[in-house]
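What follows is a set of notes on a single structure, which appears directly below.
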Amino acid sequence: SFKWEDIEVATIQERFDFDTYTFSYLLNALVKCGKACEAKKTIISNDQYSTVNCTIAIKGLSDQGLYDEAYELFEEMKVKENCQPNLITYNTVLNFLVVKGDFSKVQIVMESMRAQRNIGVDLISVSTFIKGLFKNHKHEEAFEFFLKIKNENEVEIDEVLYNIMMDGFVRANQPNKAIAIYNEMIESGKEGSKVTYSILVRVYNSLNRFDDILNVIKELKQKGEDIGKVVYTCVLTSCKKFARFDVIEDLYDEMKDENSIDEIAVNLLAASFLISENSLKASEVIVESFRRDIVPRSRVTKSVLTLLCKEASKILECVEKKSEFFLYERAILSICAQLHKKNLELEPKIIKEIVKVICRKRCIEMGINLSSVH
């Protein structure tokens, strides 16, 4: 019944007796209310140093960006009896040191982990360190550390760590190194995941090797696996880049069958069909997405409707193509119906264009001279 953010620790302690277990809950509540500094003071003033208590406070302090205070408490832990950091504590400290970019202390902490019996460096700490190095543009250091870990068999390198290395080199614009890491992963007998294949698509995209991107899809199909949303999204991005709209149409049908369409895919598909000026296909994507309870970006929907109106107006001016008008009219009204169902509004400018193009058709049907109609 208490509002934790409004109550003082001293007041709580006056009214209740706390055992060690409940004291940890108090610290956790303080941290969640943004009072990590008070949690730290409470530990010190009550001499309640324990691995759990200190780890809670360190996590809270680091989440609030108070890295120096967090590291200070971590150092205090190491000299207290029965309060030695555990693997969770070490990884929490590594994480905020990496965020801070203090790699000299990261090395110290990792050496301390190695020195502790029953702790040592694990995959989480290795992954955290490598991701931090890449984020701070220390690509060579990341690669050297990866090789060191691998050669010394300090941890068993899994597919996730290989993915981190590949992703790091793609972001560093070193795709060939990413391919070398992928080849090494396959040689080691590790199986790639959907994340692995999505990174591989991004690698080939940066190297302008579109055929290899299609081979990734082909390989997954040969294995009898679903392509998955993540891989599809990366492939769609590449298709758009290389203007391979023929491939996009095939992918769209496959994605529907596999139920792999999400908001990102919808926007990519619609935008691609707009670029190829295939407004009917773009409208099909928009309507289908609404039916799947996926709401596309309003900007994309607006662009599709604008192009539909533009193409419908051109058809009205061409006697030979007037019979095709109903396709565009149906597409426009289908999108409007879906928007109405979702209680989404259109800009007055778009409504005006829709009304204008449909009224022009009615005028033609009624034999009214369009030149006389304002």
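Labels used: A, B, ... for chains in the order of the structure tokens, numbers from 1 for residues in each chain, and numbers from 1 for ligands as shown.
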Determine, counting only C-alpha atoms, which protein, DNA and RNA residues have an atom within 9 Å of an atom of segment 228-240 of chain A; residues of the same chain fewer than 3 positions away are not included. Present the result as a PyMOL selection string. chain A and resi 194-199+201-202+204-205+208+210+213-214+217+225+243-248+251+255+258-262+264-265+268-269+271-272+275
Hey, can you spit out that residue selection with N, CA, C and O atoms as a compact mmCIF listing (two decimals), in the first residue's frame?
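So out29.txt came out as:
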```
# COMPACT_ATOMS: atom_id res chain seq x y z
N LYS A 194 18.66 -17.60 -38.01
CA LYS A 194 18.03 -16.58 -38.85
C LYS A 194 18.81 -15.27 -38.75
O LYS A 194 18.96 -14.54 -39.73
N VAL A 195 19.32 -14.99 -37.54
CA VAL A 195 20.11 -13.76 -37.34
C VAL A 195 21.39 -13.83 -38.19
O VAL A 195 21.77 -12.86 -38.84
N THR A 196 22.03 -15.00 -38.20
CA THR A 196 23.25 -15.20 -39.00
C THR A 196 22.98 -14.90 -40.47
O THR A 196 23.73 -14.17 -41.13
N TYR A 197 21.90 -15.47 -41.00
CA TYR A 197 21.58 -15.30 -42.42
C TYR A 197 21.19 -13.85 -42.74
O TYR A 197 21.49 -13.35 -43.82
N SER A 198 20.53 -13.19 -41.79
CA SER A 198 20.18 -11.78 -42.04
C SER A 198 21.44 -10.92 -42.11
O SER A 198 21.53 -10.00 -42.93
N ILE A 199 22.43 -11.23 -41.26
CA ILE A 199 23.70 -10.50 -41.31
C ILE A 199 24.41 -10.80 -42.62
O ILE A 199 24.98 -9.91 -43.26
N VAL A 201 23.08 -11.53 -45.47
CA VAL A 201 22.41 -10.75 -46.53
C VAL A 201 22.93 -9.32 -46.53
O VAL A 201 23.21 -8.74 -47.59
N ARG A 202 23.09 -8.73 -45.34
CA ARG A 202 23.61 -7.37 -45.24
C ARG A 202 25.04 -7.29 -45.76
O ARG A 202 25.44 -6.28 -46.36
N TYR A 204 26.42 -9.24 -48.17
CA TYR A 204 26.38 -9.29 -49.63
C TYR A 204 25.78 -8.00 -50.21
O TYR A 204 26.16 -7.58 -51.30
N ASN A 205 24.88 -7.40 -49.47
CA ASN A 205 24.29 -6.13 -49.91
C ASN A 205 25.36 -5.05 -50.00
O ASN A 205 25.42 -4.29 -50.98
N ASN A 208 27.46 -5.50 -52.99
CA ASN A 208 26.71 -5.48 -54.26
C ASN A 208 26.65 -6.85 -54.94
O ASN A 208 26.71 -6.96 -56.15
N PHE A 210 24.15 -9.31 -55.39
CA PHE A 210 22.73 -9.63 -55.25
C PHE A 210 22.44 -11.12 -55.47
O PHE A 210 21.58 -11.69 -54.81
N ILE A 213 22.76 -12.98 -52.39
CA ILE A 213 21.62 -12.76 -51.49
C ILE A 213 20.51 -13.75 -51.81
O ILE A 213 19.92 -14.37 -50.91
N LEU A 214 20.25 -13.94 -53.11
CA LEU A 214 19.22 -14.91 -53.51
C LEU A 214 19.63 -16.32 -53.13
O LEU A 214 18.79 -17.17 -52.80
N ILE A 217 18.56 -17.22 -49.59
CA ILE A 217 17.17 -17.66 -49.56
C ILE A 217 17.06 -19.11 -50.04
O ILE A 217 16.37 -19.94 -49.44
N GLU A 225 13.74 -24.89 -44.12
CA GLU A 225 13.47 -23.95 -43.03
C GLU A 225 12.62 -22.78 -43.52
O GLU A 225 12.69 -22.39 -44.69
N ALA A 243 16.74 -2.37 -57.20
CA ALA A 243 15.56 -2.22 -58.08
C ALA A 243 15.11 -3.54 -58.68
O ALA A 243 14.67 -3.60 -59.83
N ARG A 244 15.17 -4.61 -57.88
CA ARG A 244 14.71 -5.92 -58.34
C ARG A 244 13.26 -6.13 -57.89
O ARG A 244 12.97 -6.93 -57.00
N PHE A 245 12.37 -5.38 -58.53
CA PHE A 245 10.96 -5.41 -58.13
C PHE A 245 10.28 -6.72 -58.53
O PHE A 245 9.27 -7.09 -57.95
N ASP A 246 10.86 -7.41 -59.54
CA ASP A 246 10.32 -8.72 -59.92
C ASP A 246 10.49 -9.72 -58.78
O ASP A 246 9.60 -10.53 -58.50
N VAL A 247 11.63 -9.65 -58.11
CA VAL A 247 11.90 -10.54 -56.98
C VAL A 247 10.99 -10.19 -55.80
O VAL A 247 10.50 -11.07 -55.09
N ILE A 248 10.75 -8.88 -55.62
CA ILE A 248 9.92 -8.43 -54.51
C ILE A 248 8.51 -9.02 -54.61
O ILE A 248 7.92 -9.43 -53.60
N LEU A 251 8.66 -12.56 -53.44
CA LEU A 251 8.88 -12.59 -52.00
C LEU A 251 7.60 -12.26 -51.24
O LEU A 251 7.30 -12.86 -50.20
N MET A 255 5.97 -14.46 -48.38
CA MET A 255 5.83 -13.92 -47.03
C MET A 255 4.40 -14.07 -46.52
O MET A 255 4.17 -14.34 -45.34
N GLU A 258 3.95 -17.66 -45.53
CA GLU A 258 4.71 -18.01 -44.33
C GLU A 258 4.29 -17.17 -43.12
O GLU A 258 4.80 -17.35 -42.02
N ASN A 259 3.37 -16.23 -43.36
CA ASN A 259 2.91 -15.32 -42.30
C ASN A 259 4.09 -14.56 -41.69
O ASN A 259 4.22 -14.43 -40.47
N SER A 260 4.95 -14.06 -42.57
CA SER A 260 6.15 -13.35 -42.12
C SER A 260 6.08 -11.85 -42.41
O SER A 260 7.10 -11.19 -42.57
N ILE A 261 4.87 -11.33 -42.50
CA ILE A 261 4.71 -9.90 -42.79
C ILE A 261 4.53 -9.14 -41.48
O ILE A 261 3.67 -9.48 -40.67
N ASP A 262 5.37 -8.12 -41.28
CA ASP A 262 5.21 -7.23 -40.14
C ASP A 262 5.21 -5.79 -40.64
O ASP A 262 5.22 -5.54 -41.85
N ILE A 264 7.45 -3.41 -40.60
CA ILE A 264 8.64 -3.01 -41.37
C ILE A 264 8.54 -3.54 -42.79
O ILE A 264 8.80 -2.82 -43.76
N ALA A 265 8.13 -4.80 -42.94
CA ALA A 265 8.01 -5.41 -44.26
C ALA A 265 6.95 -4.71 -45.09
O ALA A 265 7.14 -4.47 -46.29
N LEU A 268 8.30 -1.47 -46.39
CA LEU A 268 9.30 -1.73 -47.44
C LEU A 268 8.65 -2.18 -48.74
O LEU A 268 8.99 -1.71 -49.83
N LEU A 269 7.68 -3.09 -48.64
CA LEU A 269 6.98 -3.60 -49.83
C LEU A 269 6.23 -2.49 -50.54
O LEU A 269 6.36 -2.31 -51.76
N ALA A 271 6.63 0.77 -50.32
CA ALA A 271 7.56 1.77 -50.86
C ALA A 271 8.22 1.28 -52.15
O ALA A 271 8.39 2.04 -53.10
N SER A 272 8.56 -0.01 -52.18
CA SER A 272 9.20 -0.58 -53.37
C SER A 272 8.25 -0.58 -54.56
O SER A 272 8.64 -0.23 -55.69
N ILE A 275 7.95 2.88 -55.92
CA ILE A 275 9.10 3.28 -56.75
C ILE A 275 8.94 2.72 -58.17
O ILE A 275 9.27 3.39 -59.15
```
Please provide the set of residues having any atom within 12 Å of Asn82 of chain A, restricted to only C-alpha atoms, with same-chain residues fewer than 6 positions apart removed, written as a VMD selection string. chain A and resid 48 to 54 76
Write a file of the just-selected residues containing N, CA and C atoms, as a short mmCIF file (atom, residue, chain, number, x, y, z; two decimals), in the first residue's frame.
```
data_model
loop_
_atom_site.label_atom_id
_atom_site.label_comp_id
_atom_site.auth_asym_id
_atom_site.auth_seq_id
_atom_site.Cartn_x
_atom_site.Cartn_y
_atom_site.Cartn_z
N GLN A 48 24.89 -3.63 5.71
CA GLN A 48 24.21 -4.79 5.11
C GLN A 48 24.89 -5.18 3.79
N TYR A 49 26.19 -5.32 3.86
CA TYR A 49 26.95 -5.72 2.68
C TYR A 49 26.69 -7.21 2.39
N SER A 50 26.20 -7.48 1.22
CA SER A 50 26.07 -8.86 0.76
C SER A 50 26.17 -8.83 -0.75
N THR A 51 26.43 -9.98 -1.34
CA THR A 51 26.56 -10.03 -2.80
C THR A 51 25.27 -9.57 -3.48
N VAL A 52 24.13 -10.05 -2.98
CA VAL A 52 22.83 -9.69 -3.58
C VAL A 52 22.56 -8.20 -3.43
N ASN A 53 22.70 -7.67 -2.21
CA ASN A 53 22.40 -6.26 -1.95
C ASN A 53 23.26 -5.33 -2.80
N CYS A 54 24.56 -5.60 -2.81
CA CYS A 54 25.47 -4.73 -3.56
C CYS A 54 25.23 -4.81 -5.07
N GLU A 76 34.37 -1.71 -3.01
CA GLU A 76 34.14 -1.93 -1.59
C GLU A 76 33.75 -3.39 -1.32
#
```
Show which residues sit within 8 Å of Ala70 of chain A, as a VMD selection string. Count only C-alpha atoms, and ignore same-chain residues fewer than 6 positions away. chain A and resid 57 to 59 61 to 62 93
Could you please write out, as JSON, numbers by chain, every residue of segment 80-115 of chain A that DSSP assigns to alpha helix (DSSP H)? {"A": [87, 88, 89, 90, 91, 92, 93, 94, 95, 96, 97, 98, 99, 100, 103, 104, 105, 106, 107, 108, 109, 110, 111, 112, 113, 114, 115]}
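Distance check against Gln338 of chain A using only C-alpha atoms: of A:Phe143, A:Phe103, A:Phe290, A:Phe96, the minimum falls on A:Phe290.
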Determine, counting only C-alpha atoms, which protein, DNA and RNA residues have an atom within 9 Å of an atom of Glu263 of chain A; residues of the same chain fewer than 5 positions away are not included. Present the result as a count of residues only. 6
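Near segment 106-120 of chain A, within 7 Å and counting only C-alpha atoms, sit Leu87, Leu94, Leu97, Asp102 and Phe103 of chain A; same-chain residues fewer than 3 positions away were not included.
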Export, as a PDB file, in the first residue's frame, the selected residues with all heavy atoms.
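Ended up saving to part_39.pdb:
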```pdb
ATOM      1  N   LEU A  87      29.172 -13.899 -10.630  1.00  0.00           N
ATOM      2  CA  LEU A  87      29.217 -13.708 -12.083  1.00  0.00           C
ATOM      3  C   LEU A  87      28.261 -12.611 -12.536  1.00  0.00           C
ATOM      4  O   LEU A  87      28.575 -11.820 -13.440  1.00  0.00           O
ATOM      5  CB  LEU A  87      28.878 -15.030 -12.790  1.00  0.00           C
ATOM      6  CG  LEU A  87      29.156 -15.102 -14.295  1.00  0.00           C
ATOM      7  CD1 LEU A  87      30.603 -14.764 -14.602  1.00  0.00           C
ATOM      8  CD2 LEU A  87      28.809 -16.485 -14.827  1.00  0.00           C
ATOM      9  N   LEU A  94      30.957  -5.009 -15.954  1.00  0.00           N
ATOM     10  CA  LEU A  94      31.522  -4.989 -17.309  1.00  0.00           C
ATOM     11  C   LEU A  94      30.630  -4.217 -18.263  1.00  0.00           C
ATOM     12  O   LEU A  94      31.105  -3.439 -19.086  1.00  0.00           O
ATOM     13  CB  LEU A  94      31.703  -6.426 -17.828  1.00  0.00           C
ATOM     14  CG  LEU A  94      32.929  -7.194 -17.349  1.00  0.00           C
ATOM     15  CD1 LEU A  94      32.873  -8.620 -17.858  1.00  0.00           C
ATOM     16  CD2 LEU A  94      34.217  -6.521 -17.812  1.00  0.00           C
ATOM     17  N   LEU A  97      30.909  -0.433 -17.691  1.00  0.00           N
ATOM     18  CA  LEU A  97      32.244   0.049 -18.057  1.00  0.00           C
ATOM     19  C   LEU A  97      32.398   0.125 -19.576  1.00  0.00           C
ATOM     20  O   LEU A  97      33.015   1.051 -20.111  1.00  0.00           O
ATOM     21  CB  LEU A  97      33.320  -0.865 -17.471  1.00  0.00           C
ATOM     22  CG  LEU A  97      33.547  -0.789 -15.958  1.00  0.00           C
ATOM     23  CD1 LEU A  97      34.560  -1.837 -15.522  1.00  0.00           C
ATOM     24  CD2 LEU A  97      34.007   0.613 -15.532  1.00  0.00           C
ATOM     25  N   ASP A 102      35.345   2.723 -20.705  1.00  0.00           N
ATOM     26  CA  ASP A 102      36.536   2.630 -19.858  1.00  0.00           C
ATOM     27  C   ASP A 102      37.129   1.221 -20.005  1.00  0.00           C
ATOM     28  O   ASP A 102      36.960   0.354 -19.133  1.00  0.00           O
ATOM     29  CB  ASP A 102      36.161   2.914 -18.403  1.00  0.00           C
ATOM     30  CG  ASP A 102      37.379   3.145 -17.528  1.00  0.00           C
ATOM     31  OD1 ASP A 102      38.488   2.733 -17.936  1.00  0.00           O
ATOM     32  OD2 ASP A 102      37.232   3.716 -16.429  1.00  0.00           O
ATOM     33  N   PHE A 103      37.855   0.990 -21.102  1.00  0.00           N
ATOM     34  CA  PHE A 103      38.325  -0.358 -21.406  1.00  0.00           C
ATOM     35  C   PHE A 103      39.530  -0.783 -20.556  1.00  0.00           C
ATOM     36  O   PHE A 103      39.800  -1.975 -20.429  1.00  0.00           O
ATOM     37  CB  PHE A 103      38.646  -0.476 -22.903  1.00  0.00           C
ATOM     38  CG  PHE A 103      37.419  -0.389 -23.752  1.00  0.00           C
ATOM     39  CD1 PHE A 103      37.106   0.775 -24.419  1.00  0.00           C
ATOM     40  CD2 PHE A 103      36.561  -1.474 -23.849  1.00  0.00           C
ATOM     41  CE1 PHE A 103      35.957   0.861 -25.194  1.00  0.00           C
ATOM     42  CE2 PHE A 103      35.413  -1.397 -24.615  1.00  0.00           C
ATOM     43  CZ  PHE A 103      35.108  -0.236 -25.287  1.00  0.00           C
TER      44      PHE A 103
END
```
Could you give me, as a Markdown table, every segment 230-307 of chain A residue with an atom at most 9 Å from segment 345-354 of chain A, plus its closest atom pair and distance in Å to one decimal, counting only C-alpha atoms, rows ordered by chain then number?
```
| residue | atom | partner | partner_atom | distance |
| --- | --- | --- | --- | --- |
| A:Ser298 | CA | A:Leu346 | CA | 8.7 |
| A:Lys302 | CA | A:Ile350 | CA | 7.3 |
| A:Leu305 | CA | A:Ile350 | CA | 7.5 |
| A:Thr306 | CA | A:Ile350 | CA | 6.9 |
```
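Every protein, DNA or RNA residue with an atom at most 12 Å from Glu329 of chain A, where only C-alpha atoms count and chain neighbours fewer than 5 positions away do not, is listed here: Ser279, Leu280, Ser283, Leu305, Leu308, Cys309, Lys310, Glu311, Ala312, Ser313, Ile315, Leu316, Lys322, Ser323, Glu324, Ser334, Ile335, Cys336, Ile354, Val355, Lys356, Val357, Ile358, Cys359, Arg360, Lys361 and Arg362 of chain A.
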